2 protein chains.
Amino acid sequence: MRKLPSQLLKGSLEGALLQILASQESYPYEIHQALVTAGFGEIADGTIYPLLLKLERSGQIQGERRDSPNGGPPRKYYHLLPSGQAALADFKADWAQLEAAMNQLGGK
Amino acid sequence: MRKLPSQLLKGSLEGALLQILASQESYPYEIHQALVTAGFGEIADGTIYPLLLKLERSGQIQGERRDSPNGGPPRKYYHLLPSGQAALADFKADWAQLEAAMNQLGGK
DNA sequence: TTCAACTATCTTGTCAAGCAAGGAAGTGTC
DNA sequence: GACACTTCCTTGCTTGACAAGATAGTTGAA
């Protein structure tokens with residue numbers, strides 16, 4: 001699995017986070033693993049936290065701290081708010097357009 | 001045609017430029033139009049010039065000034081160099097991975 | 001004849017976001 | 001006692017798209 005250049009990830013990661021939280025609530029450590037598993041390459045974990053804080057501050061997601069079931073440090077679970085749902089829809093439209101534009105060039 | 005958020009374009013535009021120049025030599029003004037036509041949204045023309053200069057300085061493309069056939073200002077035609085061809089191949093692999101990762105999340 | 005629209009190139013400063021590097025702390029294993 | 005894993009978080013750096021603006025030639029309309 002190749003490590004993607006950071007510039008290419010810009011903007012995409014925010015949408016990816018919303019996408020993950022749309023299907024289930026999750027916490028940063030798990031989200032990070034989900035991104036790597038999905039194929040985004042090795043994302044720095046220092047990337048995830050500021051992004052989540054930004055989304056929380058802007059009212060798109062909400063966090064809640066809960067004890068870990070396996071005795072580890074407590075986790076901060078995030079879930080999507082309506083505003084985040086709308087932002088996700090926007091992102092999906094943006095992404096679809098970018099994807100289409102890229103394929104347009106490649107197919108020529 | 002929606003204007004894509006600038007952050008989402010980061011990295012993608014560089015690949016798009018290489019892609020365009022891979023199929024035919026071109027000059028900035030035409031490249032800009034090609035991007036808009038392909039569906040990348042309204043790209044600022046101030047974005048194209050620094051990008052091309054960077055690619056030229058790094059030896060991926062080469063420019064050559066020629067008179068415009070329609071009597072307008074002279075154009076600077078760029079064509080792809082071998083190093084640019086290789087960079088394009090890299091970009092394509094990166095893009096394919098990102099696309100796959102995104103679809104992976106969406107399909108869940 | 002002047003004014004807008006189009007073609008064409010280029011520079012400077014700003015801003016957003018991913019990353020590297022680091023810190024903190026608990027649990028379990030060898 | 002050391003290492004690996006889980007879990008959270010911050011600071012400063014760098015990159016690249018953009019806004020704004022400068023320059024200049026051609027053409028067609030008012």
# chains A, B, ... in the order shown; residues from 1 in each chain; ligands from 1
>>> select_by_dssp(residues="stretch 5-102 of chain A", states="strand (DSSP E)", output="number ranges by chain")
A: 61-66, 75-80
>>> closest_atom_pairs(of="chain B", to="chain D", cutoff="8 Å", atoms="only C-alpha atoms (C1' of nucleotides)", output="CSV")
residue,atom,partner,partner_atom,distance
B:Ser6,CA,D:DA17,C1',5.6
B:Gln7,CA,D:DA17,C1',7.2
B:Leu9,CA,D:DA17,C1',7.5
B:Lys10,CA,D:DG16,C1',6.3
B:Gly11,CA,D:DG16,C1',7.7
B:Ala44,CA,D:DC18,C1',6.6
B:Gly46,CA,D:DC18,C1',7.5
B:Thr47,CA,D:DA17,C1',6.1
B:Gly71,CA,D:DT26,C1',7.1
B:Gly72,CA,D:DG25,C1',5.7
B:Pro73,CA,D:DG25,C1',5.7
>>> interface_residues(of="chain B", to="chain C", cutoff="12 Å", atoms="only C-alpha atoms (C1' of nucleotides)", output="number ranges by chain")
B: 5-8, 10, 27-33, 45-53, 65-77
>>> interface_residues(of="chain B", to="chain A", cutoff="12 Å", atoms="only C-alpha atoms", output="ChimeraX atom specification")
/B:1-24,31,34-41,88-108
>>> atom_distance(atom1="atom CA of B:Arg57", atom2="atom CA of B:Gln85")
15.2 Å
>>> atom_distance(atom1="atom CA of A:Ser58", atom2="atom CA of A:Ser26")
18.2 Å
>>> closest_residue(among="B:Gln60, B:Leu55, B:Glu25, B:Ile43", to="B:Ala86", atoms="only C-alpha atoms")
B:Gln60
>>> atom_distance(atom1="atom CA of B:Ser83", atom2="atom CA of B:Gly63")
14.4 Å
>>> select_by_dssp(residues="chain B", states="alpha helix (DSSP H)", output="PDB file with N, CA and C atoms, in the first residue's frame")
ATOM      1  N   SER B   6     -10.989  24.623  -3.016  1.00  0.00           N
ATOM      2  CA  SER B   6      -9.580  24.659  -3.419  1.00  0.00           C
ATOM      3  C   SER B   6      -8.776  23.533  -2.778  1.00  0.00           C
ATOM      4  N   GLN B   7      -9.096  23.207  -1.556  1.00  0.00           N
ATOM      5  CA  GLN B   7      -8.319  22.173  -0.876  1.00  0.00           C
ATOM      6  C   GLN B   7      -8.422  20.826  -1.574  1.00  0.00           C
ATOM      7  N   LEU B   8      -9.599  20.566  -2.125  1.00  0.00           N
ATOM      8  CA  LEU B   8      -9.822  19.273  -2.776  1.00  0.00           C
ATOM      9  C   LEU B   8      -9.002  19.156  -4.061  1.00  0.00           C
ATOM     10  N   LEU B   9      -8.659  20.291  -4.634  1.00  0.00           N
ATOM     11  CA  LEU B   9      -7.923  20.291  -5.905  1.00  0.00           C
ATOM     12  C   LEU B   9      -6.428  20.083  -5.706  1.00  0.00           C
ATOM     13  N   SER B  12      -4.266  17.326  -7.271  1.00  0.00           N
ATOM     14  CA  SER B  12      -4.964  16.837  -8.451  1.00  0.00           C
ATOM     15  C   SER B  12      -4.634  17.660  -9.682  1.00  0.00           C
ATOM     16  N   LEU B  13      -4.527  18.970  -9.501  1.00  0.00           N
ATOM     17  CA  LEU B  13      -4.280  19.844 -10.647  1.00  0.00           C
ATOM     18  C   LEU B  13      -2.944  19.535 -11.313  1.00  0.00           C
ATOM     19  N   GLU B  14      -1.946  19.286 -10.519  1.00  0.00           N
ATOM     20  CA  GLU B  14      -0.642  18.969 -11.077  1.00  0.00           C
ATOM     21  C   GLU B  14      -0.740  17.735 -11.976  1.00  0.00           C
ATOM     22  N   GLY B  15      -1.415  16.717 -11.498  1.00  0.00           N
ATOM     23  CA  GLY B  15      -1.615  15.515 -12.305  1.00  0.00           C
ATOM     24  C   GLY B  15      -2.428  15.812 -13.552  1.00  0.00           C
ATOM     25  N   ALA B  16      -3.423  16.658 -13.393  1.00  0.00           N
ATOM     26  CA  ALA B  16      -4.270  16.999 -14.533  1.00  0.00           C
ATOM     27  C   ALA B  16      -3.463  17.710 -15.617  1.00  0.00           C
ATOM     28  N   LEU B  17      -2.579  18.597 -15.199  1.00  0.00           N
ATOM     29  CA  LEU B  17      -1.724  19.293 -16.170  1.00  0.00           C
ATOM     30  C   LEU B  17      -0.871  18.301 -16.950  1.00  0.00           C
ATOM     31  N   LEU B  18      -0.247  17.399 -16.226  1.00  0.00           N
ATOM     32  CA  LEU B  18       0.607  16.404 -16.883  1.00  0.00           C
ATOM     33  C   LEU B  18      -0.225  15.573 -17.864  1.00  0.00           C
ATOM     34  N   GLN B  19      -1.409  15.233 -17.430  1.00  0.00           N
ATOM     35  CA  GLN B  19      -2.311  14.436 -18.273  1.00  0.00           C
ATOM     36  C   GLN B  19      -2.634  15.171 -19.573  1.00  0.00           C
ATOM     37  N   ILE B  20      -2.923  16.438 -19.444  1.00  0.00           N
ATOM     38  CA  ILE B  20      -3.240  17.238 -20.630  1.00  0.00           C
ATOM     39  C   ILE B  20      -2.045  17.306 -21.566  1.00  0.00           C
ATOM     40  N   LEU B  21      -0.883  17.576 -20.992  1.00  0.00           N
ATOM     41  CA  LEU B  21       0.313  17.714 -21.822  1.00  0.00           C
ATOM     42  C   LEU B  21       0.788  16.378 -22.388  1.00  0.00           C
ATOM     43  N   ALA B  22       0.278  15.294 -21.818  1.00  0.00           N
ATOM     44  CA  ALA B  22       0.655  13.980 -22.330  1.00  0.00           C
ATOM     45  C   ALA B  22      -0.036  13.711 -23.664  1.00  0.00           C
ATOM     46  N   SER B  23      -1.213  14.271 -23.832  1.00  0.00           N
ATOM     47  CA  SER B  23      -1.949  13.996 -25.073  1.00  0.00           C
ATOM     48  C   SER B  23      -1.602  14.999 -26.170  1.00  0.00           C
ATOM     49  N   PRO B  28      -0.624  27.797 -21.480  1.00  0.00           N
ATOM     50  CA  PRO B  28      -1.387  27.985 -20.243  1.00  0.00           C
ATOM     51  C   PRO B  28      -2.844  28.385 -20.454  1.00  0.00           C
ATOM     52  N   TYR B  29      -3.060  29.309 -21.343  1.00  0.00           N
ATOM     53  CA  TYR B  29      -4.430  29.784 -21.532  1.00  0.00           C
ATOM     54  C   TYR B  29      -5.339  28.656 -21.990  1.00  0.00           C
ATOM     55  N   GLU B  30      -4.824  27.842 -22.914  1.00  0.00           N
ATOM     56  CA  GLU B  30      -5.599  26.710 -23.432  1.00  0.00           C
ATOM     57  C   GLU B  30      -5.760  25.630 -22.372  1.00  0.00           C
ATOM     58  N   ILE B  31      -4.709  25.413 -21.609  1.00  0.00           N
ATOM     59  CA  ILE B  31      -4.753  24.422 -20.532  1.00  0.00           C
ATOM     60  C   ILE B  31      -5.836  24.807 -19.523  1.00  0.00           C
ATOM     61  N   HIS B  32      -5.856  26.082 -19.191  1.00  0.00           N
ATOM     62  CA  HIS B  32      -6.857  26.566 -18.254  1.00  0.00           C
ATOM     63  C   HIS B  32      -8.265  26.266 -18.756  1.00  0.00           C
ATOM     64  N   GLN B  33      -8.474  26.542 -20.019  1.00  0.00           N
ATOM     65  CA  GLN B  33      -9.796  26.269 -20.601  1.00  0.00           C
ATOM     66  C   GLN B  33     -10.102  24.785 -20.600  1.00  0.00           C
ATOM     67  N   ALA B  34      -9.097  23.976 -20.880  1.00  0.00           N
ATOM     68  CA  ALA B  34      -9.297  22.523 -20.911  1.00  0.00           C
ATOM     69  C   ALA B  34      -9.727  22.019 -19.535  1.00  0.00           C
ATOM     70  N   LEU B  35      -9.132  22.583 -18.490  1.00  0.00           N
ATOM     71  CA  LEU B  35      -9.479  22.170 -17.123  1.00  0.00           C
ATOM     72  C   LEU B  35     -10.923  22.520 -16.816  1.00  0.00           C
ATOM     73  N   ASP B  45      -6.812  31.541 -13.009  1.00  0.00           N
ATOM     74  CA  ASP B  45      -5.708  31.409 -13.957  1.00  0.00           C
ATOM     75  C   ASP B  45      -4.373  31.662 -13.256  1.00  0.00           C
ATOM     76  N   GLY B  46      -4.414  32.392 -12.162  1.00  0.00           N
ATOM     77  CA  GLY B  46      -3.214  32.621 -11.373  1.00  0.00           C
ATOM     78  C   GLY B  46      -2.670  31.330 -10.772  1.00  0.00           C
ATOM     79  N   THR B  47      -3.472  30.280 -10.829  1.00  0.00           N
ATOM     80  CA  THR B  47      -3.051  28.981 -10.298  1.00  0.00           C
ATOM     81  C   THR B  47      -2.170  28.234 -11.297  1.00  0.00           C
ATOM     82  N   ILE B  48      -2.476  28.417 -12.571  1.00  0.00           N
ATOM     83  CA  ILE B  48      -1.825  27.635 -13.626  1.00  0.00           C
ATOM     84  C   ILE B  48      -0.347  28.007 -13.792  1.00  0.00           C
ATOM     85  N   TYR B  49      -0.071  29.307 -13.819  1.00  0.00           N
ATOM     86  CA  TYR B  49       1.284  29.744 -14.151  1.00  0.00           C
ATOM     87  C   TYR B  49       2.346  29.273 -13.157  1.00  0.00           C
ATOM     88  N   PRO B  50       2.134  29.473 -11.873  1.00  0.00           N
ATOM     89  CA  PRO B  50       3.153  28.990 -10.922  1.00  0.00           C
ATOM     90  C   PRO B  50       3.344  27.483 -11.017  1.00  0.00           C
ATOM     91  N   LEU B  51       2.254  26.765 -11.255  1.00  0.00           N
ATOM     92  CA  LEU B  51       2.339  25.310 -11.336  1.00  0.00           C
ATOM     93  C   LEU B  51       3.204  24.885 -12.520  1.00  0.00           C
ATOM     94  N   LEU B  52       2.969  25.523 -13.664  1.00  0.00           N
ATOM     95  CA  LEU B  52       3.757  25.200 -14.851  1.00  0.00           C
ATOM     96  C   LEU B  52       5.232  25.547 -14.648  1.00  0.00           C
ATOM     97  N   LEU B  53       5.467  26.696 -14.013  1.00  0.00           N
ATOM     98  CA  LEU B  53       6.857  27.086 -13.751  1.00  0.00           C
ATOM     99  C   LEU B  53       7.559  26.070 -12.865  1.00  0.00           C
ATOM    100  N   LYS B  54       6.826  25.608 -11.873  1.00  0.00           N
ATOM    101  CA  LYS B  54       7.398  24.611 -10.964  1.00  0.00           C
ATOM    102  C   LYS B  54       7.736  23.322 -11.732  1.00  0.00           C
ATOM    103  N   LEU B  55       6.824  22.889 -12.581  1.00  0.00           N
ATOM    104  CA  LEU B  55       7.056  21.667 -13.355  1.00  0.00           C
ATOM    105  C   LEU B  55       8.225  21.842 -14.321  1.00  0.00           C
ATOM    106  N   GLU B  56       8.345  23.067 -14.854  1.00  0.00           N
ATOM    107  CA  GLU B  56       9.445  23.308 -15.783  1.00  0.00           C
ATOM    108  C   GLU B  56      10.786  23.308 -15.041  1.00  0.00           C
ATOM    109  N   ARG B  57      10.800  23.980 -13.888  1.00  0.00           N
ATOM    110  CA  ARG B  57      12.032  24.053 -13.103  1.00  0.00           C
ATOM    111  C   ARG B  57      12.502  22.676 -12.657  1.00  0.00           C
ATOM    112  N   PRO B  82      10.488  13.159 -20.418  1.00  0.00           N
ATOM    113  CA  PRO B  82      10.426  11.795 -19.852  1.00  0.00           C
ATOM    114  C   PRO B  82      10.154  11.791 -18.352  1.00  0.00           C
ATOM    115  N   SER B  83      10.818  12.711 -17.638  1.00  0.00           N
ATOM    116  CA  SER B  83      10.605  12.789 -16.196  1.00  0.00           C
ATOM    117  C   SER B  83       9.140  13.107 -15.864  1.00  0.00           C
ATOM    118  N   GLY B  84       8.529  13.892 -16.711  1.00  0.00           N
ATOM    119  CA  GLY B  84       7.116  14.220 -16.517  1.00  0.00           C
ATOM    120  C   GLY B  84       6.226  13.027 -16.813  1.00  0.00           C
ATOM    121  N   GLN B  85       6.634  12.266 -17.784  1.00  0.00           N
ATOM    122  CA  GLN B  85       5.897  11.038 -18.129  1.00  0.00           C
ATOM    123  C   GLN B  85       5.885  10.096 -16.935  1.00  0.00           C
ATOM    124  N   ALA B  86       7.046   9.980 -16.287  1.00  0.00           N
ATOM    125  CA  ALA B  86       7.161   9.110 -15.114  1.00  0.00           C
ATOM    126  C   ALA B  86       6.307   9.649 -13.967  1.00  0.00           C
ATOM    127  N   ALA B  87       6.340  10.984 -13.804  1.00  0.00           N
ATOM    128  CA  ALA B  87       5.554  11.593 -12.727  1.00  0.00           C
ATOM    129  C   ALA B  87       4.067  11.368 -12.972  1.00  0.00           C
ATOM    130  N   LEU B  88       3.689  11.397 -14.235  1.00  0.00           N
ATOM    131  CA  LEU B  88       2.281  11.165 -14.568  1.00  0.00           C
ATOM    132  C   LEU B  88       1.867   9.746 -14.196  1.00  0.00           C
ATOM    133  N   ALA B  89       2.745   8.801 -14.489  1.00  0.00           N
ATOM    134  CA  ALA B  89       2.453   7.407 -14.138  1.00  0.00           C
ATOM    135  C   ALA B  89       2.279   7.267 -12.627  1.00  0.00           C
ATOM    136  N   ASP B  90       3.161   7.923 -11.864  1.00  0.00           N
ATOM    137  CA  ASP B  90       3.049   7.911 -10.402  1.00  0.00           C
ATOM    138  C   ASP B  90       1.718   8.502  -9.972  1.00  0.00           C
ATOM    139  N   PHE B  91       1.402   9.633 -10.553  1.00  0.00           N
ATOM    140  CA  PHE B  91       0.162  10.297 -10.176  1.00  0.00           C
ATOM    141  C   PHE B  91      -1.040   9.403 -10.444  1.00  0.00           C
ATOM    142  N   LYS B  92      -1.034   8.753 -11.587  1.00  0.00           N
ATOM    143  CA  LYS B  92      -2.162   7.882 -11.932  1.00  0.00           C
ATOM    144  C   LYS B  92      -2.342   6.782 -10.897  1.00  0.00           C
ATOM    145  N   ALA B  93      -1.216   6.217 -10.455  1.00  0.00           N
ATOM    146  CA  ALA B  93      -1.284   5.170  -9.434  1.00  0.00           C
ATOM    147  C   ALA B  93      -1.833   5.740  -8.129  1.00  0.00           C
ATOM    148  N   ASP B  94      -1.352   6.927  -7.749  1.00  0.00           N
ATOM    149  CA  ASP B  94      -1.835   7.570  -6.516  1.00  0.00           C
ATOM    150  C   ASP B  94      -3.330   7.829  -6.615  1.00  0.00           C
ATOM    151  N   TRP B  95      -3.725   8.377  -7.733  1.00  0.00           N
ATOM    152  CA  TRP B  95      -5.132   8.733  -7.903  1.00  0.00           C
ATOM    153  C   TRP B  95      -6.017   7.483  -7.841  1.00  0.00           C
ATOM    154  N   ALA B  96      -5.580   6.427  -8.516  1.00  0.00           N
ATOM    155  CA  ALA B  96      -6.361   5.188  -8.526  1.00  0.00           C
ATOM    156  C   ALA B  96      -6.528   4.665  -7.098  1.00  0.00           C
ATOM    157  N   GLN B  97      -5.462   4.793  -6.312  1.00  0.00           N
ATOM    158  CA  GLN B  97      -5.549   4.315  -4.928  1.00  0.00           C
ATOM    159  C   GLN B  97      -6.523   5.151  -4.109  1.00  0.00           C
ATOM    160  N   LEU B  98      -6.434   6.456  -4.299  1.00  0.00           N
ATOM    161  CA  LEU B  98      -7.334   7.344  -3.557  1.00  0.00           C
ATOM    162  C   LEU B  98      -8.785   7.088  -3.943  1.00  0.00           C
ATOM    163  N   GLU B  99      -8.996   6.907  -5.222  1.00  0.00           N
ATOM    164  CA  GLU B  99     -10.344   6.642  -5.730  1.00  0.00           C
ATOM    165  C   GLU B  99     -10.882   5.344  -5.121  1.00  0.00           C
ATOM    166  N   ALA B 100     -10.037   4.324  -5.113  1.00  0.00           N
ATOM    167  CA  ALA B 100     -10.446   3.036  -4.566  1.00  0.00           C
ATOM    168  C   ALA B 100     -10.761   3.154  -3.081  1.00  0.00           C
ATOM    169  N   ALA B 101      -9.912   3.894  -2.357  1.00  0.00           N
ATOM    170  CA  ALA B 101     -10.116   4.052  -0.915  1.00  0.00           C
ATOM    171  C   ALA B 101     -11.440   4.766  -0.647  1.00  0.00           C
ATOM    172  N   MET B 102     -11.713   5.785  -1.433  1.00  0.00           N
ATOM    173  CA  MET B 102     -12.952   6.537  -1.258  1.00  0.00           C
ATOM    174  C   MET B 102     -14.172   5.661  -1.533  1.00  0.00           C
ATOM    175  N   ASN B 103     -14.096   4.881  -2.586  1.00  0.00           N
ATOM    176  CA  ASN B 103     -15.217   3.991  -2.911  1.00  0.00           C
ATOM    177  C   ASN B 103     -15.394   2.919  -1.850  1.00  0.00           C
ATOM    178  N   GLN B 104     -14.290   2.508  -1.282  1.00  0.00           N
ATOM    179  CA  GLN B 104     -14.318   1.520  -0.210  1.00  0.00           C
ATOM    180  C   GLN B 104     -15.172   2.023   0.956  1.00  0.00           C
ATOM    181  N   LEU B 105     -14.962   3.263   1.326  1.00  0.00           N
ATOM    182  CA  LEU B 105     -15.730   3.859   2.426  1.00  0.00           C
ATOM    183  C   LEU B 105     -17.194   4.027   2.045  1.00  0.00           C
ATOM    184  N   GLY B 106     -17.395   4.525   0.857  1.00  0.00           N
ATOM    185  CA  GLY B 106     -18.766   4.820   0.430  1.00  0.00           C
ATOM    186  C   GLY B 106     -19.611   3.582   0.304  1.00  0.00           C
TER     187      GLY B 106
END
>>> decode(residues="stretch 1-26 of chain D", atoms="N, CA and C atoms (P, O5', C5', C4', C3', O3' and C1' of nucleotides)", output="short mmCIF file (atom, residue, chain, number, x, y, z; two decimals), in the first residue's frame")
data_model
loop_
_atom_site.label_atom_id
_atom_site.label_comp_id
_atom_site.auth_asym_id
_atom_site.auth_seq_id
_atom_site.Cartn_x
_atom_site.Cartn_y
_atom_site.Cartn_z
P DG D 1 12.99 -3.74 37.84
"O5'" DG D 1 13.47 -3.07 36.50
"C5'" DG D 1 14.44 -3.85 35.74
"C4'" DG D 1 13.98 -3.96 34.33
"C3'" DG D 1 13.53 -2.62 33.71
"O3'" DG D 1 14.19 -2.58 32.45
"C1'" DG D 1 11.88 -4.27 33.37
P DA D 2 14.42 -1.25 31.68
"O5'" DA D 2 14.04 -1.81 30.24
"C5'" DA D 2 14.38 -3.17 29.91
"C4'" DA D 2 13.53 -3.63 28.75
"C3'" DA D 2 13.15 -2.52 27.78
"O3'" DA D 2 13.23 -3.03 26.47
"C1'" DA D 2 11.20 -3.55 28.59
P DC D 3 13.45 -2.03 25.21
"O5'" DC D 3 12.26 -2.50 24.25
"C5'" DC D 3 12.00 -3.90 24.10
"C4'" DC D 3 10.52 -4.14 23.86
"C3'" DC D 3 9.86 -3.18 22.86
"O3'" DC D 3 9.40 -3.95 21.76
"C1'" DC D 3 8.49 -3.54 24.75
P DA D 4 8.98 -3.21 20.38
"O5'" DA D 4 7.43 -3.55 20.29
"C5'" DA D 4 6.97 -4.86 20.65
"C4'" DA D 4 5.47 -4.82 20.89
"C3'" DA D 4 4.72 -3.90 19.93
"O3'" DA D 4 3.59 -4.58 19.43
"C1'" DA D 4 4.17 -3.36 22.17
P DC D 5 2.74 -3.94 18.19
"O5'" DC D 5 1.40 -3.46 18.91
"C5'" DC D 5 0.69 -4.39 19.75
"C4'" DC D 5 -0.29 -3.63 20.61
"C3'" DC D 5 -1.12 -2.58 19.85
"O3'" DC D 5 -2.49 -2.96 19.94
"C1'" DC D 5 -0.34 -1.74 21.93
P DT D 6 -3.57 -2.14 19.06
"O5'" DT D 6 -4.15 -1.12 20.15
"C5'" DT D 6 -4.90 -1.64 21.24
"C4'" DT D 6 -5.17 -0.55 22.25
"C3'" DT D 6 -6.01 0.63 21.72
"O3'" DT D 6 -7.13 0.78 22.57
"C1'" DT D 6 -4.12 1.41 22.89
P DT D 7 -8.42 1.42 22.09
"O5'" DT D 7 -8.09 2.98 22.11
"C5'" DT D 7 -8.35 3.70 23.29
"C4'" DT D 7 -7.58 4.99 23.37
"C3'" DT D 7 -7.75 6.01 22.24
"O3'" DT D 7 -8.96 6.70 22.35
"C1'" DT D 7 -5.63 6.11 23.40
P DC D 8 -9.22 7.99 21.36
"O5'" DC D 8 -8.35 9.16 22.01
"C5'" DC D 8 -8.71 9.65 23.30
"C4'" DC D 8 -7.68 10.64 23.75
"C3'" DC D 8 -7.64 11.92 22.92
"O3'" DC D 8 -8.40 12.94 23.55
"C1'" DC D 8 -5.45 11.10 23.49
P DC D 9 -8.73 14.26 22.69
"O5'" DC D 9 -7.32 15.00 22.50
"C5'" DC D 9 -6.67 15.56 23.63
"C4'" DC D 9 -5.29 16.06 23.25
"C3'" DC D 9 -5.25 17.11 22.17
"O3'" DC D 9 -5.31 18.40 22.77
"C1'" DC D 9 -3.37 15.63 22.15
P DT D 10 -5.23 19.70 21.81
"O5'" DT D 10 -3.67 20.01 21.70
"C5'" DT D 10 -2.84 19.94 22.85
"C4'" DT D 10 -1.47 20.50 22.51
"C3'" DT D 10 -1.50 21.74 21.63
"O3'" DT D 10 -0.58 22.70 22.14
"C1'" DT D 10 -0.23 20.03 20.57
P DT D 11 -0.49 24.15 21.42
"O5'" DT D 11 0.84 24.00 20.56
"C5'" DT D 11 2.03 23.54 21.17
"C4'" DT D 11 3.17 23.62 20.19
"C3'" DT D 11 3.14 24.84 19.27
"O3'" DT D 11 4.45 25.38 19.17
"C1'" DT D 11 3.15 22.87 17.96
P DG D 12 4.65 26.80 18.38
"O5'" DG D 12 5.41 26.32 17.05
"C5'" DG D 12 6.56 25.50 17.15
"C4'" DG D 12 6.98 25.02 15.78
"C3'" DG D 12 7.05 26.12 14.71
"O3'" DG D 12 8.16 25.82 13.86
"C1'" DG D 12 5.54 24.46 14.01
P DC D 13 8.58 26.75 12.65
"O5'" DC D 13 8.39 25.81 11.39
"C5'" DC D 13 8.97 24.49 11.40
"C4'" DC D 13 8.53 23.72 10.17
"C3'" DC D 13 8.66 24.51 8.87
"O3'" DC D 13 9.48 23.75 7.99
"C1'" DC D 13 6.49 23.54 9.07
P DT D 14 10.00 24.40 6.60
"O5'" DT D 14 8.98 23.82 5.53
"C5'" DT D 14 8.56 22.46 5.66
"C4'" DT D 14 7.47 22.17 4.66
"C3'" DT D 14 7.59 22.94 3.34
"O3'" DT D 14 7.48 22.01 2.30
"C1'" DT D 14 5.42 23.23 4.28
P DT D 15 7.84 22.45 0.78
"O5'" DT D 15 6.48 22.12 0.03
"C5'" DT D 15 5.70 21.04 0.48
"C4'" DT D 15 4.28 21.22 0.00
"C3'" DT D 15 4.15 21.86 -1.38
"O3'" DT D 15 3.32 21.03 -2.16
"C1'" DT D 15 2.82 23.04 0.20
P DG D 16 3.36 21.16 -3.77
"O5'" DG D 16 1.96 21.86 -4.06
"C5'" DG D 16 0.79 21.34 -3.47
"C4'" DG D 16 -0.32 22.37 -3.54
"C3'" DG D 16 -0.42 23.10 -4.89
"O3'" DG D 16 -1.77 23.29 -5.17
"C1'" DG D 16 -0.22 24.65 -3.18
P DA D 17 -2.35 23.07 -6.66
"O5'" DA D 17 -3.67 23.95 -6.63
"C5'" DA D 17 -4.72 23.59 -5.74
"C4'" DA D 17 -5.44 24.84 -5.26
"C3'" DA D 17 -5.91 25.79 -6.38
"O3'" DA D 17 -7.26 26.11 -6.17
"C1'" DA D 17 -4.64 26.96 -4.76
P DC D 18 -8.05 27.07 -7.20
"O5'" DC D 18 -8.03 28.46 -6.44
"C5'" DC D 18 -8.23 28.49 -5.03
"C4'" DC D 18 -8.14 29.91 -4.53
"C3'" DC D 18 -8.63 30.96 -5.53
"O3'" DC D 18 -9.55 31.82 -4.90
"C1'" DC D 18 -6.47 31.50 -4.75
P DA D 19 -10.48 32.78 -5.80
"O5'" DA D 19 -10.24 34.20 -5.16
"C5'" DA D 19 -9.78 34.31 -3.81
"C4'" DA D 19 -9.22 35.69 -3.56
"C3'" DA D 19 -9.77 36.78 -4.46
"O3'" DA D 19 -9.85 37.99 -3.71
"C1'" DA D 19 -7.44 36.56 -4.86
P DA D 20 -10.63 39.27 -4.30
"O5'" DA D 20 -9.44 40.20 -4.78
"C5'" DA D 20 -8.26 40.27 -3.97
"C4'" DA D 20 -7.16 40.94 -4.76
"C3'" DA D 20 -7.64 41.92 -5.83
"O3'" DA D 20 -7.15 43.20 -5.51
"C1'" DA D 20 -5.92 40.49 -6.65
P DG D 21 -7.50 44.50 -6.46
"O5'" DG D 21 -6.20 44.62 -7.38
"C5'" DG D 21 -4.92 44.47 -6.75
"C4'" DG D 21 -3.87 44.27 -7.81
"C3'" DG D 21 -4.04 45.18 -9.05
"O3'" DG D 21 -2.86 45.91 -9.28
"C1'" DG D 21 -3.57 42.95 -9.65
P DA D 22 -2.91 47.22 -10.29
"O5'" DA D 22 -1.75 46.84 -11.32
"C5'" DA D 22 -0.53 46.29 -10.82
"C4'" DA D 22 0.23 45.72 -11.98
"C3'" DA D 22 0.10 46.53 -13.27
"O3'" DA D 22 1.38 46.93 -13.72
"C1'" DA D 22 -0.29 44.21 -13.66
P DT D 23 1.44 48.03 -14.95
"O5'" DT D 23 1.51 47.12 -16.25
"C5'" DT D 23 2.48 46.07 -16.34
"C4'" DT D 23 2.24 45.28 -17.61
"C3'" DT D 23 1.84 46.13 -18.81
"O3'" DT D 23 2.89 46.12 -19.76
"C1'" DT D 23 0.59 44.10 -18.65
P DA D 24 2.83 47.25 -20.98
"O5'" DA D 24 2.11 46.47 -22.16
"C5'" DA D 24 2.64 45.21 -22.58
"C4'" DA D 24 1.68 44.55 -23.54
"C3'" DA D 24 0.97 45.55 -24.47
"O3'" DA D 24 0.99 45.03 -25.78
"C1'" DA D 24 -0.56 44.08 -23.56
P DG D 25 1.24 46.02 -27.03
"O5'" DG D 25 0.62 45.22 -28.26
"C5'" DG D 25 1.08 43.90 -28.55
"C4'" DG D 25 -0.09 43.05 -28.97
"C3'" DG D 25 -0.97 43.71 -30.06
"O3'" DG D 25 -1.01 42.90 -31.22
"C1'" DG D 25 -2.30 42.85 -28.28
P DT D 26 -1.82 43.46 -32.53
"O5'" DT D 26 -3.28 42.84 -32.35
"C5'" DT D 26 -3.43 41.41 -32.32
"C4'" DT D 26 -4.90 41.04 -32.35
"C3'" DT D 26 -5.71 41.72 -33.47
"O3'" DT D 26 -6.47 40.73 -34.13
"C1'" DT D 26 -6.75 42.08 -31.36
#
